[in-house]
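Undergrad: Next up, my_file-v7.cif (mmCIF, C-alpha atoms and all ligand atoms).
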data_structure
loop_
_atom_site.label_atom_id
_atom_site.label_comp_id
_atom_site.auth_asym_id
_atom_site.auth_seq_id
_atom_site.Cartn_x
_atom_site.Cartn_y
_atom_site.Cartn_z
CA MET S 30 14.80 -13.19 37.83
CA ARG S 31 16.36 -9.73 37.45
CA ARG S 32 19.84 -11.15 36.60
CA ALA S 33 18.60 -12.04 33.09
CA ARG S 34 17.17 -8.53 32.61
CA ARG S 35 20.18 -6.56 33.83
CA THR S 36 21.53 -5.27 30.47
CA ASP S 37 20.23 -4.42 26.99
CA GLY S 38 22.23 -7.32 25.56
CA LEU S 39 20.78 -9.83 28.02
CA ARG S 40 17.26 -8.51 27.41
CA ARG S 41 17.65 -8.71 23.64
CA LEU S 42 19.03 -12.25 23.87
CA ALA S 43 16.05 -13.36 25.97
CA SER S 44 13.43 -11.56 23.87
CA GLU S 45 10.62 -13.99 23.01
CA THR S 46 8.84 -11.86 20.40
CA THR S 47 10.24 -9.93 17.44
CA LEU S 48 8.73 -7.21 15.24
CA ASP S 49 10.08 -6.92 11.72
CA LYS S 50 9.03 -4.81 8.74
CA HIS S 51 8.07 -8.02 6.94
CA ASP S 52 5.44 -8.68 9.62
CA LEU S 53 3.50 -5.59 8.53
CA ILE S 54 0.77 -5.02 5.94
CA LEU S 55 -0.09 -1.44 4.92
CA PRO S 56 -3.76 -0.68 4.05
CA LEU S 57 -4.20 1.64 1.05
CA PHE S 58 -7.33 3.52 -0.13
CA VAL S 59 -7.62 4.03 -3.89
CA VAL S 60 -10.07 6.49 -5.48
CA SER S 61 -11.12 7.40 -9.03
CA GLY S 62 -9.67 10.26 -11.02
CA THR S 63 -6.14 11.62 -11.32
CA ASN S 64 -3.81 13.65 -9.11
CA GLN S 65 -5.97 12.81 -6.07
CA SER S 66 -4.40 12.62 -2.60
CA VAL S 67 -7.07 13.44 -0.05
CA PRO S 68 -6.27 13.20 3.69
CA VAL S 69 -8.69 11.20 5.84
CA ASP S 70 -9.58 13.66 8.61
CA SER S 71 -10.23 10.96 11.24
CA MET S 72 -6.97 9.10 10.44
CA PRO S 73 -3.99 11.49 10.56
CA GLY S 74 -1.37 10.51 7.95
CA VAL S 75 -3.77 8.34 5.91
CA VAL S 76 -4.87 9.47 2.43
CA ARG S 77 -7.26 8.40 -0.27
CA GLN S 78 -5.21 8.47 -3.47
CA SER S 79 -5.82 7.95 -7.17
CA VAL S 80 -3.98 5.22 -9.06
CA ASP S 81 -1.61 7.63 -10.82
CA VAL S 82 -0.52 9.14 -7.49
CA LEU S 83 -0.10 5.67 -5.98
CA ALA S 84 2.02 4.64 -8.97
CA ARG S 85 4.33 7.64 -8.41
CA ARG S 86 4.62 6.83 -4.68
CA THR S 87 5.03 3.05 -4.95
CA ALA S 88 8.84 3.11 -5.02
CA GLU S 89 8.82 4.97 -1.68
CA ILE S 90 6.59 2.45 0.14
CA ARG S 91 8.74 0.80 2.85
CA SER S 92 6.24 -1.95 3.67
CA SER S 93 6.70 -5.22 1.81
CA ALA S 94 2.95 -5.98 1.76
CA VAL S 95 -0.15 -3.86 1.15
CA LEU S 96 -3.92 -4.35 1.46
CA ILE S 97 -5.91 -2.40 -1.12
CA PHE S 98 -9.39 -0.92 -0.61
CA GLY S 99 -11.19 0.58 -3.59
CA VAL S 100 -13.23 3.69 -2.79
CA PRO S 101 -15.48 4.31 -5.81
CA ASP S 102 -17.38 7.56 -6.27
CA ASP S 103 -20.98 7.53 -5.01
CA CYS S 104 -22.17 7.70 -8.63
CA GLU S 105 -20.44 4.35 -9.31
CA LYS S 106 -22.33 2.57 -6.52
CA ASP S 107 -25.49 0.49 -7.07
CA ASP S 108 -27.59 -2.15 -5.30
CA THR S 109 -25.35 -5.07 -6.32
CA GLY S 110 -21.95 -3.36 -6.13
CA SER S 111 -21.34 -4.06 -9.82
CA ALA S 112 -18.24 -1.82 -9.94
CA ALA S 113 -16.56 -4.29 -7.57
CA VAL S 114 -16.39 -7.11 -10.11
CA ARG S 115 -15.04 -5.17 -13.11
CA ASP S 116 -11.73 -6.37 -14.53
CA ASP S 117 -10.80 -2.73 -15.19
CA GLY S 118 -12.03 -1.47 -11.82
CA LEU S 119 -10.17 0.68 -9.31
CA VAL S 120 -8.50 -2.19 -7.48
CA PRO S 121 -7.29 -4.07 -10.59
CA GLN S 122 -5.83 -0.79 -11.86
CA ALA S 123 -4.06 -0.25 -8.53
CA ILE S 124 -2.72 -3.81 -8.52
CA ARG S 125 -1.22 -3.38 -11.98
CA ALA S 126 0.36 -0.06 -11.01
CA LEU S 127 1.92 -1.49 -7.85
CA LYS S 128 3.18 -4.65 -9.53
CA ALA S 129 4.66 -2.70 -12.45
CA GLU S 130 6.85 -0.78 -10.01
CA ARG S 131 7.35 -3.43 -7.33
CA PRO S 132 6.82 -7.00 -8.63
CA ASP S 133 8.16 -8.27 -5.29
CA MET S 134 5.53 -6.47 -3.20
CA VAL S 135 2.84 -8.73 -1.68
CA VAL S 136 -0.46 -7.29 -2.90
CA ILE S 137 -3.55 -8.28 -0.96
CA THR S 138 -7.01 -6.98 -1.84
CA ASP S 139 -10.08 -6.53 0.31
CA VAL S 140 -12.97 -8.51 -1.16
CA CYS S 141 -16.26 -7.09 0.01
CA LEU S 142 -19.18 -5.19 -1.51
CA CYS S 143 -19.81 -2.59 1.21
CA GLY S 144 -17.69 0.07 -0.47
CA TYR S 145 -19.46 -0.49 -3.79
CA THR S 146 -23.14 -0.82 -2.83
CA SER S 147 -25.52 2.13 -2.58
CA HIS S 148 -26.86 0.72 0.71
CA GLY S 149 -23.43 0.13 2.23
CA HIS S 150 -23.96 -3.46 3.29
CA CYS S 151 -21.34 -6.16 2.59
CA GLY S 152 -23.56 -8.04 0.13
CA VAL S 153 -26.70 -7.82 -2.00
CA LEU S 154 -30.01 -7.40 -0.19
CA THR S 155 -33.15 -9.49 -0.16
CA GLU S 156 -36.57 -7.84 -0.49
CA SER S 157 -36.77 -7.79 3.32
CA GLY S 158 -33.49 -5.88 3.59
CA GLU S 159 -31.30 -8.74 4.81
CA VAL S 160 -28.01 -9.59 3.09
CA HIS S 161 -28.59 -12.53 0.71
CA ASN S 162 -25.74 -14.90 1.55
CA ASP S 163 -25.42 -17.07 -1.56
CA ARG S 164 -25.99 -14.32 -4.13
CA SER S 165 -23.38 -12.28 -2.31
CA ILE S 166 -20.69 -14.97 -2.24
CA ALA S 167 -21.10 -15.50 -5.99
CA LEU S 168 -20.25 -11.83 -6.50
CA LEU S 169 -17.35 -12.05 -4.05
CA GLY S 170 -15.94 -14.90 -6.16
CA LYS S 171 -16.10 -12.73 -9.28
CA MET S 172 -14.51 -9.81 -7.40
CA ALA S 173 -11.64 -11.96 -6.16
CA ALA S 174 -11.09 -13.39 -9.66
CA ALA S 175 -10.87 -9.88 -11.14
CA HIS S 176 -8.25 -8.94 -8.54
CA ALA S 177 -6.29 -12.16 -9.07
CA ALA S 178 -6.34 -11.74 -12.83
CA ALA S 179 -4.78 -8.31 -12.35
CA GLY S 180 -1.96 -9.86 -10.31
CA ALA S 181 -3.08 -9.84 -6.66
CA ASP S 182 -1.19 -12.34 -4.52
CA MET S 183 -4.01 -12.79 -2.00
CA ALA S 184 -7.76 -12.12 -1.89
CA ALA S 185 -9.01 -11.10 1.57
CA PRO S 186 -12.77 -11.60 1.94
CA SER S 187 -14.09 -9.31 4.71
CA ALA S 188 -17.83 -9.71 4.13
CA MET S 189 -18.37 -12.39 6.80
CA MET S 190 -20.69 -14.35 4.50
CA ASP S 191 -21.08 -18.09 5.13
CA GLY S 192 -19.15 -20.12 2.55
CA GLN S 193 -17.35 -17.09 1.10
CA VAL S 194 -13.94 -18.78 1.24
CA ARG S 195 -15.15 -21.86 -0.63
CA ALA S 196 -16.94 -19.72 -3.23
CA ILE S 197 -13.82 -17.63 -3.82
CA ARG S 198 -11.55 -20.69 -3.97
CA GLU S 199 -13.84 -22.27 -6.58
CA ALA S 200 -14.02 -19.04 -8.60
CA LEU S 201 -10.25 -18.62 -8.57
CA ASP S 202 -9.59 -22.23 -9.54
CA ALA S 203 -12.23 -22.11 -12.30
CA ALA S 204 -10.48 -19.05 -13.74
CA GLY S 205 -7.11 -20.78 -13.76
CA LEU S 206 -5.97 -18.67 -10.80
CA GLY S 207 -5.24 -21.51 -8.42
CA HIS S 208 -1.98 -19.83 -7.40
CA THR S 209 -3.83 -16.93 -5.71
CA CYS S 210 -4.08 -17.23 -1.92
CA ILE S 211 -7.07 -16.42 0.30
CA MET S 212 -6.54 -14.45 3.52
CA SER S 213 -9.88 -14.85 5.24
CA TYR S 214 -11.16 -12.25 7.72
CA ALA S 215 -12.22 -15.38 9.58
CA SER S 216 -13.01 -13.91 13.01
CA LYS S 217 -14.25 -10.42 12.34
CA PHE S 218 -16.34 -8.72 14.98
CA ALA S 219 -19.20 -6.23 14.80
CA SER S 220 -16.94 -3.66 16.37
CA ALA S 221 -17.33 -0.01 17.36
CA PHE S 222 -13.71 0.53 16.27
CA TYR S 223 -14.39 0.81 12.51
CA GLY S 224 -15.70 4.37 12.42
CA PRO S 225 -12.67 6.14 10.89
CA PHE S 226 -12.45 3.46 8.17
CA ARG S 227 -16.11 3.97 7.25
CA ASP S 228 -15.28 7.67 7.02
CA ALA S 229 -12.28 6.93 4.78
CA ALA S 230 -14.03 4.36 2.58
CA ARG S 231 -17.48 5.98 2.70
CA SER S 232 -18.76 2.49 3.47
CA ALA S 233 -21.04 2.82 6.48
CA PRO S 234 -24.28 0.80 6.19
CA GLY S 235 -27.09 3.07 5.00
CA PHE S 236 -29.45 1.46 7.50
CA GLY S 237 -29.19 -1.04 10.34
CA ASP S 238 -25.83 -2.54 11.20
CA ARG S 239 -23.60 -5.55 10.55
CA ARG S 240 -24.53 -7.67 13.58
CA GLY S 241 -26.46 -10.03 11.34
CA TYR S 242 -23.21 -11.22 9.76
CA GLN S 243 -20.23 -10.03 11.83
CA LEU S 244 -19.38 -11.75 15.13
CA SER S 245 -20.62 -10.55 18.51
CA PRO S 246 -17.76 -9.21 20.68
CA ALA S 247 -19.16 -11.41 23.44
CA ASN S 248 -18.49 -14.69 21.59
CA ARG S 249 -15.06 -16.34 21.93
CA ARG S 250 -15.95 -19.95 21.01
CA GLU S 251 -17.91 -18.83 17.97
CA ALA S 252 -14.83 -16.98 16.66
CA LEU S 253 -12.83 -20.21 16.66
CA ARG S 254 -15.70 -22.08 14.98
CA GLU S 255 -15.72 -19.47 12.20
CA ALA S 256 -11.98 -19.80 11.70
CA MET S 257 -12.07 -23.60 11.58
CA LEU S 258 -14.82 -23.47 8.94
CA ASP S 259 -12.74 -21.08 6.82
CA GLU S 260 -9.70 -23.31 7.14
CA ALA S 261 -11.79 -26.29 6.00
CA GLU S 262 -13.07 -24.24 3.03
CA GLY S 263 -9.52 -23.62 1.84
CA ALA S 264 -8.25 -20.44 3.51
CA ASP S 265 -4.48 -20.01 3.24
CA TRP S 266 -4.40 -17.37 6.00
CA LEU S 267 -6.72 -16.58 8.87
CA MET S 268 -7.33 -13.14 10.38
CA VAL S 269 -8.70 -11.68 13.59
CA LYS S 270 -10.20 -8.20 13.47
CA PRO S 271 -9.97 -5.88 15.41
CA ALA S 272 -6.68 -6.69 17.17
CA MET S 273 -5.96 -5.20 20.59
CA PRO S 274 -9.40 -5.82 22.20
CA TYR S 275 -9.31 -9.37 20.77
CA LEU S 276 -5.88 -10.77 21.72
CA ASP S 277 -7.58 -13.74 23.37
CA ILE S 278 -9.07 -14.59 19.98
CA VAL S 279 -5.65 -14.21 18.33
CA SER S 280 -4.25 -16.62 20.90
CA ASP S 281 -7.14 -19.08 20.43
CA LEU S 282 -6.73 -19.16 16.65
CA ARG S 283 -2.96 -19.57 17.00
CA ALA S 284 -3.55 -22.60 19.23
CA GLY S 285 -6.40 -23.95 17.10
CA SER S 286 -4.84 -23.75 13.64
CA ARG S 287 -1.48 -24.20 11.92
CA LEU S 288 -2.34 -21.65 9.23
CA PRO S 289 -0.53 -18.30 9.07
CA LEU S 290 -2.47 -15.78 11.14
CA ALA S 291 -2.95 -12.01 10.65
CA ALA S 292 -4.47 -9.47 13.01
CA TYR S 293 -6.00 -6.22 11.80
CA HIS S 294 -5.14 -3.17 13.91
CA VAL S 295 -8.19 -1.27 12.75
CA SER S 296 -8.89 2.39 12.10
CA GLY S 297 -10.34 3.12 15.51
CA GLU S 298 -7.32 1.59 17.24
CA TYR S 299 -5.06 3.69 15.01
CA ALA S 300 -7.00 6.91 15.55
CA MET S 301 -7.02 6.47 19.34
CA LEU S 302 -3.23 6.15 19.45
CA LYS S 303 -2.82 9.16 17.14
CA LEU S 304 -5.14 11.32 19.24
CA ALA S 305 -3.58 10.19 22.52
CA ALA S 306 -0.12 11.05 21.19
CA LYS S 307 -1.39 14.44 19.98
CA ALA S 308 -2.86 15.04 23.43
CA GLY S 309 0.51 14.24 24.93
CA VAL S 310 -0.75 11.42 27.14
CA ILE S 311 1.40 8.72 25.48
CA PHE S 312 4.79 8.59 23.75
CA GLU S 313 3.63 7.50 20.29
CA ARG S 314 6.60 5.42 19.12
CA GLU S 315 6.89 3.49 22.38
CA ALA S 316 3.15 2.89 22.68
CA VAL S 317 2.74 1.76 19.07
CA LEU S 318 5.73 -0.60 19.17
CA GLU S 319 4.41 -2.04 22.45
CA ALA S 320 0.95 -2.59 20.94
CA MET S 321 2.40 -4.30 17.86
CA THR S 322 4.69 -6.49 19.98
CA CYS S 323 1.68 -7.55 22.08
CA ILE S 324 -0.28 -8.49 18.96
CA ARG S 325 2.67 -10.55 17.76
CA ARG S 326 3.10 -12.11 21.22
CA ALA S 327 -0.55 -13.22 21.16
CA GLY S 328 0.26 -15.22 18.04
CA ALA S 329 -0.17 -13.04 14.95
CA ASP S 330 2.37 -13.71 12.20
CA ALA S 331 1.39 -10.50 10.40
CA ILE S 332 -0.27 -7.25 11.44
CA ILE S 333 -2.40 -5.09 9.17
CA THR S 334 -1.84 -1.58 10.45
CA TYR S 335 -2.06 2.02 9.23
CA TYR S 336 1.12 2.54 11.25
CA ALA S 337 3.12 0.22 8.94
CA GLU S 338 5.17 2.95 7.20
CA GLU S 339 5.99 4.74 10.47
CA ILE S 340 6.97 1.49 12.16
CA CYS S 341 9.25 0.62 9.21
CA ARG S 342 11.00 3.96 9.75
CA TRP S 343 11.24 3.42 13.51
CA ILE S 344 12.65 -0.11 13.40
CA ASP S 345 14.84 0.18 10.27
O1 LIG W 401 -9.68 -0.24 9.71
C1 LIG W 401 -10.86 -0.63 9.76
O2 LIG W 401 -11.70 -0.13 10.54
C2 LIG W 401 -11.27 -1.76 8.83
C3 LIG W 401 -12.77 -1.84 8.60
C4 LIG W 401 -13.13 -3.09 7.81
C5 LIG W 401 -12.38 -3.18 6.52
N1 LIG W 401 -12.28 -4.55 6.11
C6 LIG W 401 -14.63 -3.25 7.66
C7 LIG W 401 -15.33 -2.26 8.55
C8 LIG W 401 -16.82 -2.34 8.50
O3 LIG W 401 -17.40 -3.35 8.89
O4 LIG W 401 -17.37 -1.36 8.05
C9 LIG W 401 -15.13 -3.18 6.22
C10 LIG W 401 -16.09 -4.31 5.96
N2 LIG W 401 -16.04 -4.85 4.67
#
For this file, write the structure as structure tokens.
Ligand code: PB1
TA:
Amino acid sequence: MRRARRTDGLRRLASETTLDKHDLILPLFVVSGTNQSVPVDSMPGVVRQSVDVLARRTAEIRSSAVLIFGVPDDCEKDDTGSAAVRDDGLVPQAIRALKAERPDMVVITDVCLCGYTSHGHCGVLTESGEVHNDRSIALLGKMAAAHAAAGADMAAPSAMMDGQVRAIREALDAAGLGHTCIMSYASKFASAFYGPFRDAARSAPGFGDRRGYQLSPANRREALREAMLDEAEGADWLMVKPAMPYLDIVSDLRAGSRLPLAAYHVSGEYAMLKLAAKAGVIFEREAVLEAMTCIRRAGADAIITYYAEEICRWID
């Protein structure tokens, strides 16, 4: 076997998996105000930035696709996440700024209420404190339509509500936005790896947790069932989240669907690599490129990662 691995040229020729800048999606956090660029302490290199700062930096973004998260001020949050559905909200403003500078950039938006609700859950609550599924998906449809009207290429529902893809598809089509794609967070797990994100987006649940709507890490078959339902509801992309601890799920969805598939290398995965590199126990570039190659090898067409800009520099 070693004959075919003897030289760089032979190894490159036989390589089964590639990693290209166009496989990467860069998450962005957008806040209110002006001249804001606030580092996220738990995610070295990641900032929360205002729209005007993002507009000035857009030309420098190396990634060809971004995923936008709005991070409204606490005073803008309420029980139904009403700031999430405004046509002039944070995310629509960010979309317009990005598209004005880079019409070619693929702009994807996170569609969920957790960053906009005073209670921090991904939907509106019932009197008993559970997330009301159908009232929530109606709001998700309005949120996605506001993003699409502003020019988003894809809406990415991350709320893990039943029927959210169908509700968003119907809302987009009813608004004459049938050209807007849906990237569904189809198999999203109730993971312990989201902590730094919740720090960045100030979106931790005010009480309880998300196990009543996100998948159990123990359930592999259920993840595929979720993805198949989202495909039947009209998803254009599927997603697995988190990534590295769930490569079996990535592989299952790749085998079970012909749709394009993304994997989300989440904040906790990012922070662990950053801290390990800072501690000197890994070589960052090599470890990150290995992790991304493994996610691609498992079957992901695209990777959502906070490392996107650094990887673009490394592989350019
Ligand atoms: O990087 C990350 O950790 C992403 C977290 C993810 C964003 N879609 C969710 C984390 C959570 O459940 O709090 C946000 C859910 N809408």
Undergrad: Hey, which residues come within 6 Å of ligand LIG 401 (chain W) if we count all atoms listed in the file? Could you give them as a VMD selection string?
TA: chain S and resid 141 143 151 187 to 188 223 226 to 227 233 295 to 296
Undergrad: Choose the residue, out of S:Val59, S:Ile340, S:Met268, S:Ala174, that has the smallest atom-to-atom separation from Ala252 in chain S; count only C-alpha atoms.
TA: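 Closest to Ala252 in chain S of all the choices is S:Met268.
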Undergrad: Excluding Arg91 in chain S and any residue of its chain fewer than 4 positions from it, enumerate the residues within 12 Å of it, using all atoms listed in the file, and give them as a PyMOL selection string.
TA: chain S and resi 49-51+53-55+86-87+95+131+134+336-345
Undergrad: Counting only C-alpha atoms, what is within 6 Å of range 118-126 of chain S, bar same-chain residues fewer than 4 positions away, as an mmCIF file with C-alpha atoms, keeping the file's coordinate frame?
TA:
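Okay, selection14.cif is ready:
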data_model
loop_
_atom_site.group_PDB
_atom_site.id
_atom_site.type_symbol
_atom_site.label_atom_id
_atom_site.label_comp_id
_atom_site.auth_asym_id
_atom_site.auth_seq_id
_atom_site.Cartn_x
_atom_site.Cartn_y
_atom_site.Cartn_z
ATOM 1 C CA VAL S 80 -3.980 5.220 -9.060
ATOM 2 C CA ALA S 84 2.020 4.640 -8.970
ATOM 3 C CA GLY S 99 -11.190 0.580 -3.590
ATOM 4 C CA HIS S 176 -8.250 -8.940 -8.540
ATOM 5 C CA ALA S 179 -4.780 -8.310 -12.350
#
Undergrad: Counting all atoms listed in the file, what is within 8 Å of range 35-47 of chain S, bar same-chain residues fewer than 2 positions away, as a list of chain:residue names?
TA: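 The contact residues come out as S:Arg31, S:Arg32, S:Ala33, S:Asp49, S:Thr322, S:Arg325, S:Arg326.
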Undergrad: Residues near Pro68 in chain S, anyone? I mean within 10 Å using only C-alpha atoms, not counting same-chain ones fewer than 6 positions away, as number ranges by chain.
TA: S: 74-78, 229
Undergrad: Could you check the closest approach to Ser93 in chain S for each of S:Ser71, S:Lys128, S:Asp182, S:Asp52 and tell me which residue wins, using all atoms listed in the file?
TA: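 Distance minimum relative to Ser93 in chain S lands on S:Asp52.
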Undergrad: To one decimal in Å, tell me the separation between CA of Pro101 in chain S and CA of Ser61 in chain S.
TA: 6.2 Å
Undergrad: Near Ile97 in chain S, within 6 Å and counting all atoms listed in the file, which residues show up once chain neighbours fewer than 2 positions away are dropped, as a ChimeraX atom specification?
TA: /S:56-57,138
Undergrad: Can you tell me how far CA of Glu255 in chain S sits from CA of Arg239 in chain S, in Å to one decimal?
TA: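 Result for CA of Glu255 in chain S versus CA of Arg239 in chain S: 16.1 Å, one decimal.
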